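Participant: What follows is target.cif; its format and atoms are mmCIF, C-alpha atoms.
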data_coords
loop_
_atom_site.label_atom_id
_atom_site.label_comp_id
_atom_site.auth_asym_id
_atom_site.auth_seq_id
_atom_site.Cartn_x
_atom_site.Cartn_y
_atom_site.Cartn_z
CA MET A 1 18.07 11.38 -3.11
CA PRO A 2 15.10 9.54 -1.54
CA ASP A 3 11.64 10.23 -2.89
CA ARG A 4 9.98 12.65 -0.42
CA ARG A 5 6.42 12.73 -1.74
CA ALA A 6 3.80 12.54 0.96
CA VAL A 7 3.05 9.07 2.29
CA VAL A 8 -0.66 8.53 1.77
CA ARG A 9 -3.14 5.76 2.29
CA HIS A 10 -4.30 3.71 -0.67
CA THR A 11 -7.28 5.19 -2.50
CA HIS A 12 -9.35 1.98 -2.44
CA THR A 13 -12.76 2.29 -0.78
CA GLY A 14 -15.04 -0.30 0.74
CA LYS A 15 -14.43 -3.99 1.30
CA PRO A 16 -11.79 -6.22 -0.27
CA SER A 17 -12.73 -7.84 -3.55
CA ALA A 18 -15.14 -10.72 -2.96
CA LEU A 19 -13.07 -12.77 -5.40
CA TYR A 20 -9.90 -12.22 -3.38
CA SER A 21 -11.74 -13.14 -0.19
CA MET A 22 -12.92 -16.43 -1.72
CA LEU A 23 -9.39 -17.14 -2.97
CA GLU A 24 -7.66 -16.68 0.40
CA PRO A 25 -6.97 -20.47 0.57
CA ARG A 26 -4.38 -19.81 -2.14
CA ALA A 27 -2.14 -19.07 0.83
CA LEU A 28 -1.46 -22.82 0.91
CA LEU A 29 0.02 -22.57 -2.57
CA GLU A 30 2.11 -19.58 -1.52
CA MET A 31 3.49 -21.62 1.38
CA ALA A 32 4.33 -24.49 -0.97
CA LEU A 33 6.15 -22.09 -3.30
CA LEU A 34 8.34 -20.58 -0.57
CA PRO A 35 11.35 -22.80 -1.45
CA ALA A 36 11.28 -21.28 -4.94
CA SER A 37 12.15 -17.94 -3.30
CA LEU A 38 15.47 -19.27 -2.00
CA PRO A 39 17.64 -17.25 -4.44
CA LEU A 40 15.83 -14.09 -3.37
CA LEU A 41 16.13 -14.90 0.33
CA LEU A 42 19.81 -15.76 0.06
CA GLN A 43 20.49 -12.32 -1.40
CA ALA A 44 18.62 -10.52 1.40
CA PRO A 45 20.98 -8.50 3.59
CA ARG A 46 22.20 -9.86 6.90
CA GLY A 47 21.22 -7.99 10.03
CA ASP A 48 23.25 -6.48 12.85
CA GLY A 49 21.88 -8.84 15.49
CA HIS A 50 19.44 -6.49 17.18
CA PRO A 51 16.32 -8.04 18.79
CA VAL A 52 13.19 -8.53 16.70
CA LEU A 53 9.78 -9.28 18.25
CA LEU A 54 7.20 -11.08 16.07
CA LEU A 55 3.46 -10.80 16.75
CA PRO A 56 0.85 -13.15 15.19
CA GLY A 57 -2.43 -12.29 13.53
CA PHE A 58 -5.94 -12.84 14.83
CA MET A 59 -6.65 -16.50 15.76
CA ALA A 60 -2.99 -17.37 15.10
CA ASP A 61 -0.19 -18.25 17.51
CA GLU A 62 3.61 -18.42 17.46
CA LYS A 63 3.59 -21.42 15.10
CA SER A 64 2.25 -19.23 12.30
CA LEU A 65 5.45 -17.17 12.54
CA ILE A 66 7.83 -20.07 11.97
CA ALA A 67 8.94 -19.02 8.47
CA LEU A 68 9.60 -15.43 9.56
CA LYS A 69 11.38 -16.59 12.70
CA LEU A 70 13.69 -19.09 11.01
CA PHE A 71 14.49 -16.75 8.14
CA LEU A 72 15.32 -13.78 10.36
CA GLN A 73 17.39 -15.97 12.66
CA SER A 74 19.36 -17.11 9.61
CA LYS A 75 20.07 -13.43 8.91
CA GLY A 76 21.59 -12.97 12.34
CA TYR A 77 18.76 -11.37 14.30
CA GLU A 78 17.84 -12.19 17.87
CA VAL A 79 14.25 -13.23 17.17
CA HIS A 80 11.50 -13.54 19.78
CA THR A 81 7.75 -14.21 19.63
CA TRP A 82 5.30 -12.51 21.92
CA GLY A 83 4.75 -15.48 24.29
CA LEU A 84 1.07 -14.68 24.89
CA GLY A 85 -0.43 -17.69 23.12
CA ARG A 86 -3.10 -17.46 20.45
CA ASN A 87 -4.14 -13.96 19.41
CA LEU A 88 -7.82 -13.83 20.32
CA GLY A 89 -8.16 -10.08 20.09
CA PHE A 90 -7.54 -7.32 22.59
CA ARG A 91 -7.23 -8.56 26.16
CA SER A 92 -6.49 -6.74 29.40
CA LYS A 93 -3.23 -8.67 29.79
CA HIS A 94 -1.82 -7.06 26.66
CA ALA A 95 -2.07 -3.56 28.14
CA SER A 96 0.87 -4.27 30.44
CA ALA A 97 2.47 -7.51 29.20
CA LEU A 98 3.38 -6.31 25.72
CA PRO A 99 5.16 -3.08 26.78
CA GLN A 100 6.90 -5.04 29.53
CA LYS A 101 8.11 -7.60 26.97
CA ILE A 102 9.54 -4.84 24.76
CA ARG A 103 11.28 -3.16 27.69
CA TYR A 104 12.67 -6.50 28.88
CA LEU A 105 14.16 -7.34 25.46
CA HIS A 106 15.63 -3.86 25.25
CA HIS A 107 17.16 -4.18 28.71
CA VAL A 108 18.63 -7.65 28.15
CA ALA A 109 20.04 -6.93 24.69
CA GLY A 110 21.05 -3.35 25.43
CA ARG A 111 19.69 -2.45 22.00
CA LYS A 112 16.43 -1.15 20.60
CA VAL A 113 13.82 -3.69 19.45
CA SER A 114 12.18 -3.95 16.03
CA LEU A 115 8.55 -5.10 15.97
CA VAL A 116 7.05 -7.13 13.11
CA GLY A 117 3.29 -7.74 13.32
CA TRP A 118 1.13 -9.74 10.93
CA SER A 119 -2.52 -8.64 10.55
CA LEU A 120 -3.90 -7.77 14.01
CA GLY A 121 -0.37 -8.35 15.32
CA GLY A 122 0.62 -5.14 13.53
CA VAL A 123 -1.92 -3.19 15.57
CA PHE A 124 -0.46 -4.79 18.70
CA SER A 125 2.99 -3.69 17.51
CA LEU A 126 1.91 -0.08 17.23
CA TYR A 127 0.22 -0.24 20.61
CA GLY A 128 3.30 -1.69 22.27
CA ALA A 129 5.59 0.82 20.57
CA GLU A 130 3.45 3.78 21.61
CA SER A 131 4.37 3.44 25.27
CA THR A 132 7.96 2.22 24.72
CA LEU A 133 9.28 4.52 21.99
CA ASP A 134 12.64 4.79 23.72
CA CYS A 135 13.04 1.02 23.29
CA VAL A 136 11.78 0.63 19.71
CA ARG A 137 13.94 0.80 16.59
CA SER A 138 11.31 0.20 13.90
CA VAL A 139 7.84 -1.22 13.26
CA ILE A 140 6.82 -3.37 10.27
CA THR A 141 3.19 -4.35 9.71
CA LEU A 142 1.98 -7.06 7.31
CA GLY A 143 -1.58 -6.56 6.08
CA SER A 144 -2.55 -4.89 9.36
CA PRO A 145 -5.71 -2.77 9.87
CA VAL A 146 -3.78 0.30 11.00
CA SER A 147 -6.09 2.99 9.54
CA VAL A 148 -9.70 2.11 10.38
CA ASP A 149 -12.02 5.02 9.65
CA ALA A 150 -14.84 6.30 11.83
CA GLY A 151 -17.31 4.15 9.90
CA GLY A 152 -15.62 1.01 11.14
CA SER A 153 -13.72 -1.88 9.61
CA GLN A 154 -14.35 -2.74 5.96
CA SER A 155 -13.15 -6.32 6.33
CA PRO A 156 -15.60 -8.97 5.08
CA PRO A 157 -18.68 -9.45 7.31
CA ALA A 158 -17.65 -13.03 8.14
CA ILE A 159 -14.31 -11.81 9.54
CA ARG A 160 -15.98 -9.12 11.65
CA ALA A 161 -18.52 -11.64 12.92
CA LEU A 162 -15.75 -14.07 13.89
CA TYR A 163 -13.93 -11.34 15.80
CA ARG A 164 -17.09 -10.44 17.70
CA LEU A 165 -17.79 -14.10 18.45
CA VAL A 166 -14.31 -14.77 19.79
CA SER A 167 -13.53 -11.50 21.55
CA HIS A 168 -16.71 -9.66 22.42
CA ARG A 169 -18.32 -12.57 24.24
CA LEU A 170 -15.91 -11.92 27.13
CA GLY A 171 -17.39 -8.48 27.64
CA PRO A 172 -15.80 -5.04 28.15
CA ALA A 173 -13.10 -6.40 30.48
CA ALA A 174 -11.49 -8.09 27.48
CA HIS A 175 -11.12 -4.75 25.69
CA VAL A 176 -9.45 -2.52 28.24
CA MET A 177 -7.04 -1.23 25.59
CA GLN A 178 -9.45 -1.06 22.64
CA PRO A 179 -10.29 2.68 22.87
CA ARG A 180 -6.60 3.51 22.99
CA ALA A 181 -5.83 1.24 20.05
CA LYS A 182 -8.74 2.67 18.06
CA THR A 183 -7.36 6.18 18.55
CA LEU A 184 -3.92 5.01 17.53
CA ARG A 185 -5.17 3.44 14.30
CA GLU A 186 -7.30 6.38 13.28
CA GLN A 187 -5.25 9.43 14.22
CA ARG A 188 -1.77 8.90 15.61
CA ARG A 189 1.45 8.16 13.76
CA LEU A 190 4.39 7.15 15.90
CA GLN A 191 7.70 8.96 15.56
CA VAL A 192 9.52 5.74 14.74
CA PRO A 193 10.38 4.21 11.33
CA THR A 194 7.24 2.38 10.22
CA SER A 195 6.80 0.21 7.11
CA CYS A 196 3.28 -0.96 6.23
CA LEU A 197 3.23 -3.85 3.75
CA TYR A 198 -0.09 -4.36 1.97
CA SER A 199 -1.50 -6.36 -0.93
CA LEU A 200 -4.21 -5.44 -3.42
CA GLY A 201 -4.99 -9.18 -3.43
CA ASP A 202 -5.65 -9.22 0.32
CA GLY A 203 -9.10 -10.71 0.87
CA VAL A 204 -9.28 -9.80 4.58
CA VAL A 205 -7.93 -6.27 5.15
CA PRO A 206 -8.58 -3.72 2.36
CA PRO A 207 -5.60 -1.64 1.21
CA GLN A 208 -6.88 1.68 2.58
CA GLU A 209 -6.87 0.15 6.08
CA ALA A 210 -3.47 -1.53 5.72
CA THR A 211 -1.73 1.74 4.75
CA ILE A 212 -1.09 5.02 6.53
CA ASP A 213 -0.72 8.73 5.95
CA GLY A 214 2.61 9.83 7.33
CA ASP A 215 5.96 11.55 7.19
CA PRO A 216 8.12 10.23 4.32
CA ALA A 217 11.18 10.64 6.52
CA ILE A 218 10.04 7.75 8.74
CA HIS A 219 6.83 6.23 7.31
CA GLU A 220 6.13 4.21 4.17
CA ASN A 221 3.62 1.91 2.49
CA ILE A 222 4.96 -0.96 0.38
CA GLN A 223 2.74 -2.88 -2.02
CA VAL A 224 3.39 -6.62 -2.25
CA PRO A 225 1.69 -9.47 -4.13
CA GLY A 226 -0.24 -12.27 -2.46
CA SER A 227 -3.03 -13.21 -0.10
CA HIS A 228 -3.59 -12.06 3.48
CA LEU A 229 -3.15 -15.51 5.00
CA GLY A 230 0.04 -16.11 3.05
CA LEU A 231 1.94 -12.93 3.93
CA GLY A 232 4.11 -14.59 6.56
CA PHE A 233 5.20 -17.28 4.07
CA ASN A 234 5.61 -15.01 1.05
CA GLY A 235 9.21 -14.95 -0.18
CA ILE A 236 8.96 -11.37 -1.46
CA VAL A 237 7.51 -10.22 1.87
CA LEU A 238 10.27 -11.98 3.81
CA ALA A 239 12.94 -10.36 1.63
CA ILE A 240 11.39 -6.91 2.11
CA VAL A 241 11.19 -7.42 5.88
CA ALA A 242 14.91 -8.30 5.90
CA ASP A 243 15.67 -5.22 3.80
CA ARG A 244 13.78 -2.95 6.21
CA LEU A 245 15.29 -4.48 9.34
CA ALA A 246 18.79 -4.04 7.89
CA GLN A 247 18.41 -0.25 7.79
CA PRO A 248 21.06 1.28 10.07
CA GLU A 249 19.70 2.60 13.35
CA GLY A 250 19.27 6.34 13.10
CA ALA A 251 19.81 6.32 9.33
CA TRP A 252 16.54 4.84 8.04
CA GLN A 253 15.72 5.37 4.36
CA PRO A 254 12.54 4.55 2.39
CA PHE A 255 12.34 1.28 0.49
CA ARG A 256 14.46 1.41 -2.66
CA PRO A 257 15.05 -2.22 -3.70
CA GLN A 258 18.02 -3.04 -5.87
CA GLY A 259 19.22 -6.16 -7.64
CA LEU A 260 17.06 -9.27 -7.73
CA LEU A 261 14.61 -7.99 -5.11
CA GLY A 262 14.05 -4.80 -7.09
CA ARG A 263 13.37 -6.70 -10.30
CA VAL A 264 11.04 -9.23 -8.66
CA TRP A 265 9.21 -6.57 -6.65
CA ARG A 266 8.57 -4.34 -9.66
CA ALA A 267 7.41 -7.30 -11.74
CA THR A 268 4.99 -8.68 -9.15
CA SER A 269 3.68 -5.73 -7.17
CA GLY A 270 2.60 -3.50 -10.03
CA SER A 271 4.79 -0.69 -8.65
CA SER A 272 6.63 1.12 -11.40
CA GLN A 273 8.91 3.29 -9.29
CA VAL A 274 11.64 2.21 -6.95
CA GLY A 275 11.46 4.22 -3.76
CA GLN A 276 7.77 4.98 -4.25
CA VAL A 277 6.38 6.00 -0.85
CA SER A 278 2.94 7.13 -1.92
CA ALA A 279 0.41 4.33 -1.58
CA ALA A 280 -2.06 5.82 -4.01
CA ALA A 281 -2.61 3.69 -7.06
#
Show how you would write the structure in this file as structure tokens.
Facilitator:
Amino acid sequence: MPDRRAVVRHTHTGKPSALYSMLEPRALLEMALLPASLPLLLQAPRGDGHPVLLLPGFMADEKSLIALKLFLQSKGYEVHTWGLGRNLGFRSKHASALPQKIRYLHHVAGRKVSLVGWSLGGVFSLYGAESTLDCVRSVITLGSPVSVDAGGSQSPPAIRALYRLVSHRLGPAAHVMQPRAKTLREQRRLQVPTSCLYSLGDGVVPPQEATIDGDPAIHENIQVPGSHLGLGFNGIVLAIVADRLAQPEGAWQPFRPQGLLGRVWRATSGSSQVGQVSAAA
């Protein structure tokens, strides 16, 4: 039987470790090591061909999603990227364009769409899913700030300053959806299978913000190793994403890795229990 303990946010408080923030360039090493994950990726389950929409992180564009896109295509999915260029933060165009994109993919494929968002792209995923629940099969976030408390983001000051510099200079018109997204991150949990992948080594988004409190029947937090900037090129992350997307529609179960993925995940994530849904550590 699946573990049904409450899904809870990680107990970390405050900012990410300053050491991890300084070591974020190790993402380049993680990218270089991706070929070493080939045995793990080859064993990942094939999908059923349903559409998957990928959303990039802040300051990134579709090119940052190339590893995810190629890998998921090799597993049989109909993979799409958001088509809105570089992610420069909340913009008025996203309020209508993203839900329209999800509805369009659902209409064309005749099947529900899974959303995979990296960093800020995960917040976009939740926003898009909120108004298109009838079209969404599942949501997977990678190091995304999905649970920002009333005190505000605990990301490093340099990251917050960059966001203000890039986004806030355009004024309130650029943030038409921000109040709604803020409410979503702080209070609301969508009634759709949601997997939040987070890393204790993330130097950008602290674990308490990258995890959620939720219903173990449809929500989960999964600890992974690695940096924030390397999540989309991390072989373990890619294998977990494939595992989650392969869950049968209407029969979703919490993460319980078996075989090679289970052994590698337990050895590298620090998680001692397969099927662990509580994020407290």
Participant: Within 8 Å of Thr132 (chain A), counting only C-alpha atoms, which residues qualify if same-chain residues fewer than 5 places away don't, as a list in words?
Facilitator: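 The residues that qualify are Pro99, Ile102 and Arg103 of chain A.
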Participant: Where does the PyMOL selection byres ((chain A and resi 217) around 8) land in this file, that is, which residues does it pick, as a CSV table (one decimal) with C-alpha atoms, keeping the file's coordinate frame?
Facilitator:
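Result saved to expr_3.csv:
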chain,number,residue,atom,x,y,z
A,4,ARG,CA,10.0,12.6,-0.4
A,215,ASP,CA,6.0,11.6,7.2
A,216,PRO,CA,8.1,10.2,4.3
A,218,ILE,CA,10.0,7.8,8.7
A,219,HIS,CA,6.8,6.2,7.3
A,253,GLN,CA,15.7,5.4,4.4
A,254,PRO,CA,12.5,4.6,2.4
Participant: Given only C-alpha atoms as the basis, pick out the residue of A:His50, A:His106, A:Lys93, A:Lys15 nearest to Gly76 (chain A).
Facilitator: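 Checking each of A:His50, A:His106, A:Lys93, A:Lys15 against Gly76 (chain A), counting only C-alpha atoms, the winner is A:His50.
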Participant: Pull out every residue that the PyMOL selection byres ((chain A and resi 241-244) around 8) matches in the shown coordinates and put them as a PyMOL selection string.
Facilitator: chain A and resi 44-47+72+75+140+195+237-240+245-247+255
Participant: Using all atoms listed in the file for the distances, tell me which of A:Leu28, A:Ala97, A:Tyr127, A:Leu88 is nearest to Leu165 (chain A).
Facilitator: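 Smallest distance to Leu165 (chain A) is found for A:Leu88.
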Participant: Exactly which residues make up the result of the PyMOL selection byres ((chain A and resi 54) around 6) on this file, given as a list of chain:residue names?
Facilitator: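 Going through the file, the PyMOL selection byres ((chain A and resi 54) around 6) ends up selecting A:Leu53, A:Leu55, A:Thr81, A:Val116, A:Gly117.
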Participant: So how far away is CA of Glu130 (chain A) from CA of Glu62 (chain A), in Å?
Facilitator: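 Computing it gives 22.6 Å between the two atoms.
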Participant: Any idea what the distance is between CA of Arg256 (chain A) and CA of Glu220 (chain A)?
Facilitator: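 According to the coordinates, CA of Arg256 (chain A) and CA of Glu220 (chain A) are separated by 11.1 Å.
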Participant: Find the spatial neighbours of Gly235 (chain A), counting all atoms listed in the file, within a cut-off of 12 Å - ignore same-chain residues fewer than 4 positions away - and output them as JSON, numbers by chain.
Facilitator: {"A": [30, 31, 32, 33, 34, 35, 36, 37, 38, 39, 40, 41, 42, 43, 44, 67, 68, 71, 224, 225, 226, 230, 231, 239, 240, 241, 242, 261, 264, 265, 268]}
Participant: Please determine, counting only C-alpha atoms, which residue among A:Ile66, A:Val204, A:Met59, A:Val52 has the shortest atom-to-atom distance to Gly85 (chain A).
Facilitator: A:Met59
Participant: Under the rule that all atoms listed in the file are counted, which of A:Arg164, A:Arg263, A:Arg91, A:Arg26 is the nearest residue to Phe233 (chain A)?
Facilitator: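 Of all the options, A:Arg26 lies closest to Phe233 (chain A).
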Participant: Of the candidates A:Leu200, A:Val79, A:Leu260, A:Ala95, which one gets nearest to Leu19 (chain A) if we count all atoms listed in the file?
Facilitator: A:Leu200
Participant: Pick from A:Thr13, A:Val139, A:Glu78, A:Leu70: nearest to Gly151 (chain A), with all atoms listed in the file counted?
Facilitator: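 Among A:Thr13, A:Val139, A:Glu78, A:Leu70, it is A:Thr13 that comes nearest to Gly151 (chain A).
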Participant: Can you work out the spacing between CA of Lys101 (chain A) and CA of Ser131 (chain A) in Å, to one decimal?
Facilitator: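 Rounded to one decimal, the two atoms are 11.8 Å apart.
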Participant: Write out as JSON, numbers by chain each polymer residue whose atoms come within 12 Å of Leu229 (chain A), counting only C-alpha atoms; drop sequence neighbours fewer than 5 positions from it.
Facilitator: {"A": [20, 21, 22, 23, 24, 25, 26, 27, 28, 29, 30, 31, 56, 57, 58, 59, 60, 64, 65, 118, 119, 120, 142, 143, 144, 198, 199, 201, 202, 203, 204, 205, 234]}
